[in-house]
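Next up, model-v1.cif (mmCIF, C-alpha atoms):
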data_my_file
#
loop_
_atom_site.label_atom_id
_atom_site.label_comp_id
_atom_site.auth_asym_id
_atom_site.auth_seq_id
_atom_site.Cartn_x
_atom_site.Cartn_y
_atom_site.Cartn_z
CA MET G 1 -110.27 -2.01 -65.04
CA ARG G 2 -106.90 -2.21 -66.74
CA ILE G 3 -105.84 -2.67 -70.34
CA GLY G 4 -102.74 -4.39 -71.67
CA HIS G 5 -101.21 -4.53 -75.14
CA SER G 6 -98.42 -6.53 -76.73
CA THR G 7 -96.77 -6.96 -80.11
CA ASP G 8 -94.41 -9.81 -80.97
CA ILE G 9 -92.56 -10.90 -84.08
CA HIS G 10 -90.76 -14.17 -84.81
CA ARG G 11 -88.61 -15.29 -87.72
CA LEU G 12 -90.01 -18.02 -89.94
CA GLU G 13 -87.61 -20.78 -90.96
CA LYS G 14 -87.69 -24.29 -92.37
CA ASP G 15 -87.55 -27.24 -89.95
CA ASN G 16 -89.57 -25.40 -87.27
CA LYS G 17 -93.19 -26.01 -86.29
CA LEU G 18 -95.78 -23.34 -86.99
CA ILE G 19 -97.82 -23.13 -83.79
CA ILE G 20 -100.32 -20.28 -83.50
CA GLY G 21 -102.72 -19.95 -80.57
CA GLY G 22 -101.87 -23.49 -79.49
CA VAL G 23 -102.74 -24.91 -82.92
CA THR G 24 -100.07 -26.71 -84.97
CA ILE G 25 -100.51 -25.69 -88.58
CA PRO G 26 -98.97 -27.74 -91.38
CA TYR G 27 -96.61 -25.50 -93.35
CA TYR G 28 -93.04 -25.69 -94.64
CA LEU G 29 -91.96 -22.73 -92.47
CA GLY G 30 -92.26 -22.46 -88.72
CA SER G 31 -91.76 -19.87 -86.02
CA VAL G 32 -88.35 -19.58 -84.34
CA GLY G 33 -88.37 -19.08 -80.59
CA HIS G 34 -86.77 -20.17 -77.33
CA SER G 35 -90.06 -21.79 -76.32
CA ASP G 36 -92.33 -23.48 -78.89
CA GLY G 37 -92.38 -20.17 -80.80
CA ASP G 38 -96.14 -19.54 -80.49
CA CYS G 39 -96.11 -15.83 -81.30
CA LEU G 40 -99.85 -15.41 -80.61
CA LEU G 41 -99.75 -16.92 -77.14
CA HIS G 42 -96.70 -14.78 -76.39
CA THR G 43 -98.72 -11.61 -77.00
CA VAL G 44 -101.61 -13.05 -74.99
CA CYS G 45 -99.19 -13.54 -72.06
CA GLU G 46 -97.47 -10.22 -72.42
CA SER G 47 -100.70 -8.22 -72.76
CA LEU G 48 -101.81 -9.71 -69.43
CA ILE G 49 -98.41 -8.98 -67.90
CA GLY G 50 -98.65 -5.40 -69.17
CA ALA G 51 -102.18 -4.88 -67.87
CA LEU G 52 -100.92 -5.68 -64.38
CA ALA G 53 -97.62 -3.79 -64.77
CA LEU G 54 -95.57 -6.93 -64.07
CA GLY G 55 -92.81 -6.22 -66.59
CA ASP G 56 -92.54 -8.21 -69.79
CA LEU G 57 -92.40 -11.78 -71.05
CA GLY G 58 -88.61 -11.85 -71.12
CA GLN G 59 -88.38 -10.83 -67.47
CA LEU G 60 -90.72 -13.59 -66.30
CA PHE G 61 -89.56 -16.27 -68.76
CA PRO G 62 -86.01 -15.37 -69.88
CA ASP G 63 -84.75 -16.85 -73.14
CA THR G 64 -81.47 -17.54 -71.37
CA SER G 65 -83.15 -20.08 -69.08
CA GLU G 66 -83.00 -23.76 -69.97
CA GLU G 67 -86.20 -24.19 -67.94
CA PHE G 68 -88.16 -22.51 -70.74
CA ARG G 69 -86.35 -23.98 -73.77
CA GLY G 70 -88.97 -25.62 -75.99
CA ILE G 71 -91.73 -25.15 -73.39
CA SER G 72 -95.32 -25.04 -74.58
CA SER G 73 -96.50 -21.44 -74.66
CA SER G 74 -99.81 -22.70 -73.25
CA LEU G 75 -97.93 -23.43 -70.02
CA LEU G 76 -96.60 -19.87 -70.02
CA VAL G 77 -100.17 -18.52 -70.34
CA LYS G 78 -101.25 -20.76 -67.44
CA LYS G 79 -98.40 -19.43 -65.28
CA VAL G 80 -99.36 -15.83 -66.10
CA MET G 81 -103.05 -16.57 -65.40
CA SER G 82 -102.10 -17.93 -61.97
CA GLU G 83 -100.60 -14.54 -61.22
CA VAL G 84 -103.63 -12.71 -62.67
CA LYS G 85 -105.90 -14.70 -60.35
CA ARG G 86 -103.57 -14.33 -57.36
CA LEU G 87 -103.78 -10.55 -57.81
CA LYS G 88 -107.59 -10.92 -57.91
CA TYR G 89 -108.18 -9.95 -61.54
CA LYS G 90 -110.28 -11.59 -64.24
CA VAL G 91 -110.13 -11.25 -68.00
CA ILE G 92 -113.04 -9.35 -69.55
CA ASN G 93 -112.02 -9.83 -73.18
CA ILE G 94 -109.02 -10.17 -75.47
CA ASP G 95 -108.60 -9.11 -79.08
CA SER G 96 -105.69 -10.42 -81.17
CA THR G 97 -104.44 -10.09 -84.72
CA VAL G 98 -102.07 -12.43 -86.54
CA PHE G 99 -100.04 -10.96 -89.42
CA LEU G 100 -98.91 -13.80 -91.69
CA GLU G 101 -98.67 -13.95 -95.48
CA GLU G 102 -99.15 -17.72 -95.71
CA PRO G 103 -100.80 -20.06 -94.94
CA LYS G 104 -104.35 -18.79 -94.71
CA LEU G 105 -105.62 -19.22 -91.15
CA SER G 106 -109.42 -18.98 -91.47
CA SER G 107 -109.98 -22.70 -90.86
CA TYR G 108 -107.90 -22.56 -87.63
CA ILE G 109 -109.33 -19.41 -86.01
CA PHE G 110 -112.12 -21.11 -84.05
CA GLU G 111 -109.69 -23.61 -82.50
CA MET G 112 -107.29 -20.78 -81.59
CA ARG G 113 -110.13 -18.85 -79.95
CA SER G 114 -111.25 -21.94 -78.07
CA ASN G 115 -107.71 -22.65 -76.82
CA ILE G 116 -107.23 -19.08 -75.64
CA ALA G 117 -110.64 -19.01 -73.94
CA ASN G 118 -109.78 -22.21 -72.05
CA LEU G 119 -106.37 -20.88 -71.00
CA LEU G 120 -107.85 -17.57 -69.78
CA ASP G 121 -110.84 -19.24 -68.08
CA ILE G 122 -113.34 -17.21 -70.12
CA GLU G 123 -116.00 -17.89 -72.76
CA ILE G 124 -115.13 -18.09 -76.44
CA ASN G 125 -117.29 -15.02 -77.16
CA GLN G 126 -114.79 -13.02 -75.07
CA VAL G 127 -111.93 -13.94 -77.42
CA SER G 128 -111.33 -12.41 -80.83
CA VAL G 129 -108.60 -13.64 -83.18
CA LYS G 130 -108.22 -12.09 -86.61
CA ALA G 131 -105.72 -12.92 -89.34
CA THR G 132 -104.40 -10.70 -92.08
CA THR G 133 -101.56 -10.53 -94.56
CA SER G 134 -99.29 -7.60 -95.27
CA GLU G 135 -100.00 -7.73 -99.01
CA ARG G 136 -96.48 -9.01 -99.76
CA VAL G 137 -94.90 -5.94 -98.11
CA GLY G 138 -92.04 -6.11 -95.59
CA ILE G 139 -90.72 -9.08 -93.65
CA VAL G 140 -94.20 -10.52 -93.11
CA GLY G 141 -95.04 -10.14 -96.79
CA ARG G 142 -91.79 -11.83 -97.83
CA LYS G 143 -92.65 -14.79 -95.51
CA GLU G 144 -89.65 -14.05 -93.29
CA ALA G 145 -91.69 -13.47 -90.12
CA ILE G 146 -94.98 -13.79 -88.27
CA MET G 147 -96.22 -10.88 -86.16
CA THR G 148 -99.04 -10.79 -83.63
CA GLU G 149 -100.73 -8.18 -81.47
CA SER G 150 -103.05 -8.63 -78.51
CA VAL G 151 -105.07 -6.22 -76.40
CA VAL G 152 -106.66 -7.41 -73.17
CA LEU G 153 -109.06 -5.88 -70.66
CA VAL G 154 -108.94 -7.12 -67.07
CA GLU G 155 -111.05 -6.21 -64.06
CA LYS G 156 -110.45 -6.43 -60.33
CA THR G 157 -112.55 -9.09 -58.64
CA ASP G 158 -113.04 -10.32 -55.10
CA LYS G 159 -112.37 -13.94 -56.16
CA GLN G 160 -108.98 -15.62 -56.02
#
In C-alpha cells, how does this file's structure come out?
Amino acid sequence: MRIGHSTDIHRLEKDNKLIIGGVTIPYYLGSVGHSDGDCLLHTVCESLIGALALGDLGQLFPDTSEEFRGISSSLLVKKVMSEVKRLKYKVINIDSTVFLEEPKLSSYIFEMRSNIANLLDIEINQVSVKATTSERVGIVGRKEAIMTESVVLVEKTDKQ
C-alpha cells in the first residue's frame, strides 16, 4: 500500500468559473488556473501522482503547455488513472477537504463525491469530500483564494 497527499491553492477572481470536483457552482468569483481551475481535482490528481512517486502535477501537465490550457481537470484525472492502472495499482479510498469562505458547498458535496468516484473507478463510499471555511481569516477568509487537500491510499493489484 502507498499513500499520497496534495495541497493546492488558486486565486479567486471575477469572470472565472468556479468548478470544484467537476461541479460548476454559480458564484460571482471563480478559480484561476491554466486548466479549468478545478482545485479539488488537482489535489486528487497530485495525491495519486505522489502515492506512486511520479513527480507532481506541473511536471506531467505543465502550465506552459498550450495542450493543457483550459482543459477539463476531469481529463487530467483520467490521464493519471491510466498511469495508476498501468502500474497495477487501485485506489482504496480518498479523503479531501475544500477550504472556501463562500459559497456554502453542502448541496454540491454528493455530486463531487460521485464525480470523483467515477473518475477513480471506485464506489462513492470510498470517497470523502468535506468543506470548511477559514472563519474569515487569511486569503481564504477574505475570499481571495480556494484551497484544497487530498489524501489517497492505493494498493498494488494484479489487474491492469
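Between atom CA of Cys39 of chain G and atom CA of Gly22 of chain G lies a distance of 9.8 Å.
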Exercise for the section: Quick one: pull the distance between atom CA of Glu144 of chain G and atom CA of Tyr28 of chain G, Å, one decimal. Expected result: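 Atom-to-atom, atom CA of Glu144 of chain G and atom CA of Tyr28 of chain G are spaced 12.2 Å apart.
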Practice task
Run the PyMOL selection byres ((chain G and resi 81) around 10) on the file and write out the hits as a PyMOL selection string.
Solution key: chain G and resi 45+48-49+75-80+82-87+89-91+119-121
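The shortest atom-to-atom distance to Gly30 of chain G, with all atoms listed in the file taken into account, belongs to G:Asn16 out of G:Asn16, G:Thr7, G:Ser134, G:Asn125.
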Exercise for the section: Up to 7 Å from (-92.7, -23.7, -77.7) in the file's coordinates: name the residues, counting only C-alpha atoms, as number ranges by chain. Expected result: G: 33-38, 70-73
Write out the residues from the selection above, keeping C-alpha atoms, as an mmCIF file, keeping the file's coordinate frame.
data_model
loop_
_atom_site.group_PDB
_atom_site.id
_atom_site.type_symbol
_atom_site.label_atom_id
_atom_site.label_comp_id
_atom_site.auth_asym_id
_atom_site.auth_seq_id
_atom_site.Cartn_x
_atom_site.Cartn_y
_atom_site.Cartn_z
ATOM 1 C CA GLY G 33 -88.370 -19.080 -80.590
ATOM 2 C CA HIS G 34 -86.770 -20.170 -77.330
ATOM 3 C CA SER G 35 -90.060 -21.790 -76.320
ATOM 4 C CA ASP G 36 -92.330 -23.480 -78.890
ATOM 5 C CA GLY G 37 -92.380 -20.170 -80.800
ATOM 6 C CA ASP G 38 -96.140 -19.540 -80.490
ATOM 7 C CA GLY G 70 -88.970 -25.620 -75.990
ATOM 8 C CA ILE G 71 -91.730 -25.150 -73.390
ATOM 9 C CA SER G 72 -95.320 -25.040 -74.580
ATOM 10 C CA SER G 73 -96.500 -21.440 -74.660
#
Practice task
Kindly extract all protein, DNA and RNA residues lying within 8 Å of the coordinates (-100.3, -24.8, -91.8) given in the file, considering all atoms listed in the file, and supply them as a PyMOL selection string.
Solution key: chain G and resi 18+24-28+103-105
Problem - Best match for closeness to Glu123 of chain G among G:Ala145, G:Ile9, G:Val140, G:Ile94, counting only C-alpha atoms - result: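 The answer is G:Ile94, which sits nearest to Glu123 of chain G.
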Problem - Atom pair atom CA of Asn115 of chain G / atom CA of Val127 of chain G: separation (Å) - result: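 Those two atoms sit 9.7 Å apart.
Distances from G:Asn93, G:Ile124, G:Ile146, G:Met1 to Val32 of chain G were compared using only C-alpha atoms, and the smallest one belongs to G:Ile146.
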Practice task
Identify all residues satisfying the PyMOL selection byres ((chain G and resi 142) around 12) in the given file; provide them as a ChimeraX atom specification.
Solution key: /G:11-12,99-102,133-141,143-146
Problem - Distance criterion (all atoms listed in the file): nearest to Gly21 of chain G out of G:Asp158, G:Asp8, G:Asp63, G:Glu111 - result: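 For Gly21 of chain G, the nearest of the given residues is G:Glu111.
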Practice task
Please identify all polymer residues within 10 Å of Ser106 of chain G, counting all atoms listed in the file, omitting same-chain residues fewer than 6 positions from it, and present them as a list in words.
Solution key: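 The residues that qualify are Val129, Lys130, Ala131 and Thr132 of chain G.
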Can you give me N, CA and C atoms for segment 132-157 of chain G, written as a short mmCIF file (atom, residue, chain, number, x, y, z; two decimals), in the coordinates of the input?
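So the final result, stored in out.cif, reads:
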data_model
loop_
_atom_site.label_atom_id
_atom_site.label_comp_id
_atom_site.auth_asym_id
_atom_site.auth_seq_id
_atom_site.Cartn_x
_atom_site.Cartn_y
_atom_site.Cartn_z
N THR G 132 -104.54 -11.53 -90.90
CA THR G 132 -104.40 -10.70 -92.08
C THR G 132 -103.01 -10.90 -92.68
N THR G 133 -102.87 -10.50 -93.91
CA THR G 133 -101.56 -10.53 -94.56
C THR G 133 -101.00 -9.12 -94.56
N SER G 134 -99.81 -8.96 -95.09
CA SER G 134 -99.29 -7.60 -95.27
C SER G 134 -99.15 -7.28 -96.76
N GLU G 135 -99.95 -7.99 -97.57
CA GLU G 135 -100.00 -7.73 -99.01
C GLU G 135 -98.62 -7.77 -99.65
N ARG G 136 -97.82 -8.76 -99.23
CA ARG G 136 -96.48 -9.01 -99.76
C ARG G 136 -95.49 -7.87 -99.47
N VAL G 137 -95.77 -7.06 -98.47
CA VAL G 137 -94.90 -5.94 -98.11
C VAL G 137 -94.13 -6.28 -96.83
N GLY G 138 -92.86 -5.97 -96.80
CA GLY G 138 -92.04 -6.11 -95.59
C GLY G 138 -91.70 -7.55 -95.27
N ILE G 139 -91.18 -7.74 -94.04
CA ILE G 139 -90.72 -9.08 -93.65
C ILE G 139 -91.86 -10.08 -93.51
N VAL G 140 -93.05 -9.63 -93.15
CA VAL G 140 -94.20 -10.52 -93.11
C VAL G 140 -94.59 -10.90 -94.53
N GLY G 141 -94.66 -9.92 -95.40
CA GLY G 141 -95.04 -10.14 -96.79
C GLY G 141 -94.08 -11.02 -97.56
N ARG G 142 -92.80 -10.98 -97.18
CA ARG G 142 -91.79 -11.83 -97.83
C ARG G 142 -91.70 -13.21 -97.17
N LYS G 143 -92.59 -13.51 -96.23
CA LYS G 143 -92.65 -14.79 -95.51
C LYS G 143 -91.41 -15.02 -94.66
N GLU G 144 -90.82 -13.95 -94.17
CA GLU G 144 -89.65 -14.05 -93.29
C GLU G 144 -90.06 -14.07 -91.82
N ALA G 145 -91.29 -13.62 -91.52
CA ALA G 145 -91.69 -13.47 -90.12
C ALA G 145 -93.20 -13.57 -89.97
N ILE G 146 -93.59 -13.87 -88.74
CA ILE G 146 -94.98 -13.79 -88.27
C ILE G 146 -95.00 -12.70 -87.20
N MET G 147 -96.06 -11.91 -87.19
CA MET G 147 -96.22 -10.88 -86.16
C MET G 147 -97.62 -11.01 -85.58
N THR G 148 -97.73 -10.77 -84.28
CA THR G 148 -99.04 -10.79 -83.63
C THR G 148 -99.17 -9.61 -82.69
N GLU G 149 -100.41 -9.21 -82.47
CA GLU G 149 -100.73 -8.18 -81.47
C GLU G 149 -101.92 -8.66 -80.66
N SER G 150 -101.92 -8.32 -79.38
CA SER G 150 -103.05 -8.63 -78.51
C SER G 150 -103.33 -7.44 -77.60
N VAL G 151 -104.61 -7.22 -77.35
CA VAL G 151 -105.07 -6.22 -76.40
C VAL G 151 -106.03 -6.92 -75.46
N VAL G 152 -105.83 -6.73 -74.15
CA VAL G 152 -106.66 -7.41 -73.17
C VAL G 152 -107.22 -6.40 -72.17
N LEU G 153 -108.42 -6.68 -71.71
CA LEU G 153 -109.06 -5.88 -70.66
C LEU G 153 -109.25 -6.79 -69.45
N VAL G 154 -108.77 -6.36 -68.31
CA VAL G 154 -108.94 -7.12 -67.07
C VAL G 154 -109.65 -6.25 -66.04
N GLU G 155 -110.30 -6.92 -65.09
CA GLU G 155 -111.05 -6.21 -64.06
C GLU G 155 -110.76 -6.83 -62.72
N LYS G 156 -110.66 -5.98 -61.72
CA LYS G 156 -110.45 -6.43 -60.33
C LYS G 156 -111.69 -7.20 -59.88
N THR G 157 -111.46 -8.28 -59.15
CA THR G 157 -112.55 -9.09 -58.64
C THR G 157 -112.26 -9.43 -57.20
#
